[in-house]
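In what follows, a structure is listed as structure tokens, so that the remarks can point back to it.
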Amino acid sequence: MSSAPATSLQDIISHAKEYGFVFPSSEIYDGLQAVYDYGQNGVELKNSLKSAWWKAMTQLHDNIVGIDAAIFMHPLTWKASGHVDGFNDPMIDNKDSKKRYRADQLLEGKAEEYANAGRPEKASALLAEMGRLLGAENLDGVRELIIAEGIVCPVSKTANWTDVRQFNLMFSTQVGSVAEDASLIYLRPETAQGIFVNFLNVQKSGRMKVPFGIAQIGKAFRNEIVARQFTFRMREFEQMEMQFFVRPGSEMDWYESWKEQRLRFHKAIGLPAEKLQYHDHEKLAHYANAAVDIEFQFPFGFREIEGIHSRTDFDLKNHQELSKKKQQYFDPEVNQNYIPYVVETSVGADRLFLAVFCNAFTRESDGDKERVYLKFHPALAPVKAAVLPLVKKDGLAEKAQEIAKSLKSSFRTVYDDNAAIGKRYTRQDLIGTPFCIAVDYQTMEDDTVTIRHRDTTQQERVPVSQLKEKIGREVSLERILEAI
Ligand code: GAP
């Protein structure tokens, strides 16, 4: 076996659609840009990822609990968090093509061109100048820089640019049935704020002692200007966030600790070390005193899958100010009241899904023959085991159904008797099923079956009575949790 050509994002998108993982949203109406639906296999994989994360947070740590806050929140939440005033991307339109771009991404693209052409110093100088102009809110300067760099619209090929404007990424809607009484509210752009506003509710009702964490999984919405690269940048997506409340002054130790723990999680779910890297933020967000991304090597390069931020007391302090409700904690160990500092871990479920999917996609060729399979960690695979009778007659189908039924309550098992057995193995390979159980004539004599292993295609003979334990251990999330 040798490796086939490098995988492109298009290979991933096509495979995900053809085998029931991800579909474009409302496709019969030609889809909705940057919105996707998970299919019958995708939802299983995504749920397993969410479950692994949830257990890694709330089951492995005595001092982390979960919540499920509403998507709609009081509008002042977003004033306090800085999103109303500061959650903007600089956008620019080309007057000829009418296409809209993110001004910073046009300049970053130019810098990448310089870097690829062996001029890294020119690339760094351009990025530094962009950072300076954006930091000073000098949007005219950003436009002039785009023009000075000779950047043209990829569609019209002209430099006929509008002014650069800040574009707020929050979606808004109205609550209230009477137009005059209706008020503007936002669809949350991050799940974190649902945690901050419940900090004292959880602390008091759970008698939590600092340091402690609150975890949440939920939808977030951003009106991304340029939404592309499949589920990497969506307008509706899911976040898995954990805010860890710590004593002021101890945040950098916790930041380092969470940085390491989160990398271990990504390795434990099967992402290889060489495809993961840290990327420290040079320009910190308004709320952070330290920030790092964990990046994964997608077919389009290393990109962020998770952010770890030391958010100081920024959020709780602002909520205290706007709500006029004290957000303090009395620490009996130091006999002091204070607003805790926060270390946040924030990973996108859809980005993690894409990373796991890209990593699992395997194409091997042997001469003219090509084999494609999804090499998921067995605990994440949508289907854990498939029971396949060699033929339908002579009681083999009934025996296989009986075996499938006996396994279903332990892990997701399917039964398939349609087509030649080779074809059925391929069908399971394409969705990443780690174990295929074949029922043959010998089964009828000695109650043994063969287990075919997805990655090696090797087969072993085992008694039916051992299947539940043997496969159950391999596909259990315990294996991931133990490796963190
Ligand atoms: N609470 C901090 C926060 O929201 P972020 O870096 O903006 O930080 C955290 O987002 C994570 O959410 C990212 O690392 C990414 O995995 C995911 N994410 C952000 N925007 C996304 C989008 N438009 N589509 C898919 N995932 C996104």
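A note on labels: chains of the structure tokens are A, B, ... as shown, every chain counts residues from 1, and ligands are counted from 1 in their shown order.
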(request) Go through the chains and note each residue within 7 Å of ligand 1, using only C-alpha atoms and all ligand atoms, then give the set as a ChimeraX atom specification. (result) /A:190-192,222,224,231-239,241,304-307,346-352
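Every residue of range 65-122 of chain A with a DSSP assignment of strand (DSSP E or B), taken from the backbone, is listed as Val65, Gly66, Phe72, Asn88, Asp89, Pro90, Met91, Ile92, Asp93, Asn94, Arg100, Tyr101 and Arg102 of chain A.
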(message) as an MDAnalysis selection string, please: the residues near Val372 in chain A (cut-off 8 Å, only C-alpha atoms, same-chain neighbours under 4 positions excluded).
(response) chainID A and resid 361:364 429:430
Those same residues - N, CA and C atoms - I'd like them written as a PDB file, in the first residue's frame.
ATOM      1  N   PHE A 361      -9.658  11.086   7.198  1.00  0.00           N
ATOM      2  CA  PHE A 361      -9.806  10.750   5.775  1.00  0.00           C
ATOM      3  C   PHE A 361      -8.508  10.126   5.249  1.00  0.00           C
ATOM      4  N   THR A 362      -8.591   8.878   4.866  1.00  0.00           N
ATOM      5  CA  THR A 362      -7.383   8.153   4.438  1.00  0.00           C
ATOM      6  C   THR A 362      -7.620   7.526   3.077  1.00  0.00           C
ATOM      7  N   ARG A 363      -6.643   7.767   2.190  1.00  0.00           N
ATOM      8  CA  ARG A 363      -6.750   7.196   0.846  1.00  0.00           C
ATOM      9  C   ARG A 363      -5.457   6.455   0.572  1.00  0.00           C
ATOM     10  N   GLU A 364      -5.573   5.160   0.360  1.00  0.00           N
ATOM     11  CA  GLU A 364      -4.370   4.377   0.090  1.00  0.00           C
ATOM     12  C   GLU A 364      -4.497   3.752  -1.286  1.00  0.00           C
ATOM     13  N   ASP A 429     -16.159   1.018   5.781  1.00  0.00           N
ATOM     14  CA  ASP A 429     -14.890   1.784   5.762  1.00  0.00           C
ATOM     15  C   ASP A 429     -15.164   3.254   5.465  1.00  0.00           C
ATOM     16  N   LEU A 430     -16.076   3.497   4.538  1.00  0.00           N
ATOM     17  CA  LEU A 430     -16.324   4.868   4.074  1.00  0.00           C
ATOM     18  C   LEU A 430     -16.965   5.748   5.146  1.00  0.00           C
TER      19      LEU A 430
END
(request) Apply DSSP to the structure's backbone, then extract all residues of range 232-462 of chain A labelled alpha helix (DSSP H) and return them as a PyMOL selection string. (result) chain A and resi 251-268+314-323+349-360+396-408+421-431+441-446
Excluding Asp446 in chain A and its own-chain neighbours fewer than 2 positions away, which residues fall within 12 Å of it when counting only C-alpha atoms? Please give them as a PDB file with N, CA and C atoms, in the first residue's frame.
ATOM      1  N   VAL A 439     -20.582 -13.130  10.135  1.00  0.00           N
ATOM      2  CA  VAL A 439     -21.205 -14.380  10.601  1.00  0.00           C
ATOM      3  C   VAL A 439     -21.167 -15.362   9.437  1.00  0.00           C
ATOM      4  N   ASP A 440     -20.507 -16.523   9.609  1.00  0.00           N
ATOM      5  CA  ASP A 440     -20.371 -17.482   8.512  1.00  0.00           C
ATOM      6  C   ASP A 440     -20.833 -18.878   8.964  1.00  0.00           C
ATOM      7  N   TYR A 441     -20.545 -19.878   8.162  1.00  0.00           N
ATOM      8  CA  TYR A 441     -21.033 -21.229   8.494  1.00  0.00           C
ATOM      9  C   TYR A 441     -20.388 -21.766   9.768  1.00  0.00           C
ATOM     10  N   GLN A 442     -19.141 -21.360  10.006  1.00  0.00           N
ATOM     11  CA  GLN A 442     -18.472 -21.835  11.226  1.00  0.00           C
ATOM     12  C   GLN A 442     -19.182 -21.302  12.481  1.00  0.00           C
ATOM     13  N   THR A 443     -19.757 -20.097  12.344  1.00  0.00           N
ATOM     14  CA  THR A 443     -20.488 -19.503  13.485  1.00  0.00           C
ATOM     15  C   THR A 443     -21.596 -20.440  13.946  1.00  0.00           C
ATOM     16  N   MET A 444     -22.260 -21.087  12.933  1.00  0.00           N
ATOM     17  CA  MET A 444     -23.394 -21.943  13.250  1.00  0.00           C
ATOM     18  C   MET A 444     -22.926 -23.200  14.006  1.00  0.00           C
ATOM     19  N   THR A 448     -18.549 -18.826  16.969  1.00  0.00           N
ATOM     20  CA  THR A 448     -17.483 -17.823  16.849  1.00  0.00           C
ATOM     21  C   THR A 448     -17.757 -16.992  15.595  1.00  0.00           C
ATOM     22  N   VAL A 449     -17.193 -15.793  15.557  1.00  0.00           N
ATOM     23  CA  VAL A 449     -17.341 -14.910  14.383  1.00  0.00           C
ATOM     24  C   VAL A 449     -15.959 -14.352  14.048  1.00  0.00           C
ATOM     25  N   ARG A 461     -10.629 -14.415  14.785  1.00  0.00           N
ATOM     26  CA  ARG A 461     -11.794 -15.233  15.130  1.00  0.00           C
ATOM     27  C   ARG A 461     -12.022 -15.119  16.632  1.00  0.00           C
ATOM     28  N   VAL A 462     -13.242 -14.767  17.035  1.00  0.00           N
ATOM     29  CA  VAL A 462     -13.516 -14.648  18.487  1.00  0.00           C
ATOM     30  C   VAL A 462     -14.878 -15.264  18.819  1.00  0.00           C
ATOM     31  N   PRO A 463     -15.029 -15.776  20.035  1.00  0.00           N
ATOM     32  CA  PRO A 463     -16.342 -16.290  20.446  1.00  0.00           C
ATOM     33  C   PRO A 463     -17.361 -15.149  20.536  1.00  0.00           C
ATOM     34  N   VAL A 464     -18.578 -15.429  20.152  1.00  0.00           N
ATOM     35  CA  VAL A 464     -19.654 -14.424  20.226  1.00  0.00           C
ATOM     36  C   VAL A 464     -19.766 -13.878  21.656  1.00  0.00           C
ATOM     37  N   SER A 465     -19.566 -14.765  22.623  1.00  0.00           N
ATOM     38  CA  SER A 465     -19.725 -14.356  24.027  1.00  0.00           C
ATOM     39  C   SER A 465     -18.719 -13.272  24.442  1.00  0.00           C
TER      40      SER A 465
END
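Of the listed residues (A:Val414, A:Val387, A:Glu321, A:Arg207), A:Val387 comes nearest to Ile437 in chain A; the distances count only C-alpha atoms.
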(request) Tell me which protein, DNA and RNA residues are within 7 Å of Leu388 in chain A, counting only C-alpha atoms, leaving out same-chain ones fewer than 3 positions away, and put them as a list in words. (result) Ala400, Tyr415, Asp416, Asp417, Ile437, Ala438 and Val439 of chain A
Filtering to N, CA, C and O atoms, could you give me those residues as a compact mmCIF listing (two decimals), in the first residue's frame?
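Dumped everything to again-v9.txt:
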# COMPACT_ATOMS: atom_id res chain seq x y z
N ALA A 400 -27.05 -13.44 12.73
CA ALA A 400 -26.39 -12.12 12.72
C ALA A 400 -27.30 -11.07 13.36
O ALA A 400 -26.82 -10.21 14.12
N TYR A 415 -26.87 -3.70 11.34
CA TYR A 415 -26.92 -4.99 10.67
C TYR A 415 -27.03 -4.71 9.17
O TYR A 415 -27.78 -3.82 8.76
N ASP A 416 -26.27 -5.44 8.36
CA ASP A 416 -26.35 -5.21 6.91
C ASP A 416 -26.17 -6.54 6.18
O ASP A 416 -25.17 -7.23 6.38
N ASP A 417 -27.18 -6.89 5.34
CA ASP A 417 -27.05 -8.13 4.57
C ASP A 417 -27.18 -7.88 3.07
O ASP A 417 -27.38 -8.79 2.29
N ILE A 437 -18.27 -7.41 11.99
CA ILE A 437 -18.38 -8.77 12.53
C ILE A 437 -19.03 -9.64 11.46
O ILE A 437 -20.18 -9.38 11.07
N ALA A 438 -18.29 -10.62 10.96
CA ALA A 438 -18.85 -11.49 9.92
C ALA A 438 -19.36 -12.79 10.53
O ALA A 438 -18.66 -13.43 11.32
N VAL A 439 -20.58 -13.13 10.13
CA VAL A 439 -21.20 -14.38 10.60
C VAL A 439 -21.17 -15.36 9.44
O VAL A 439 -21.70 -15.07 8.36
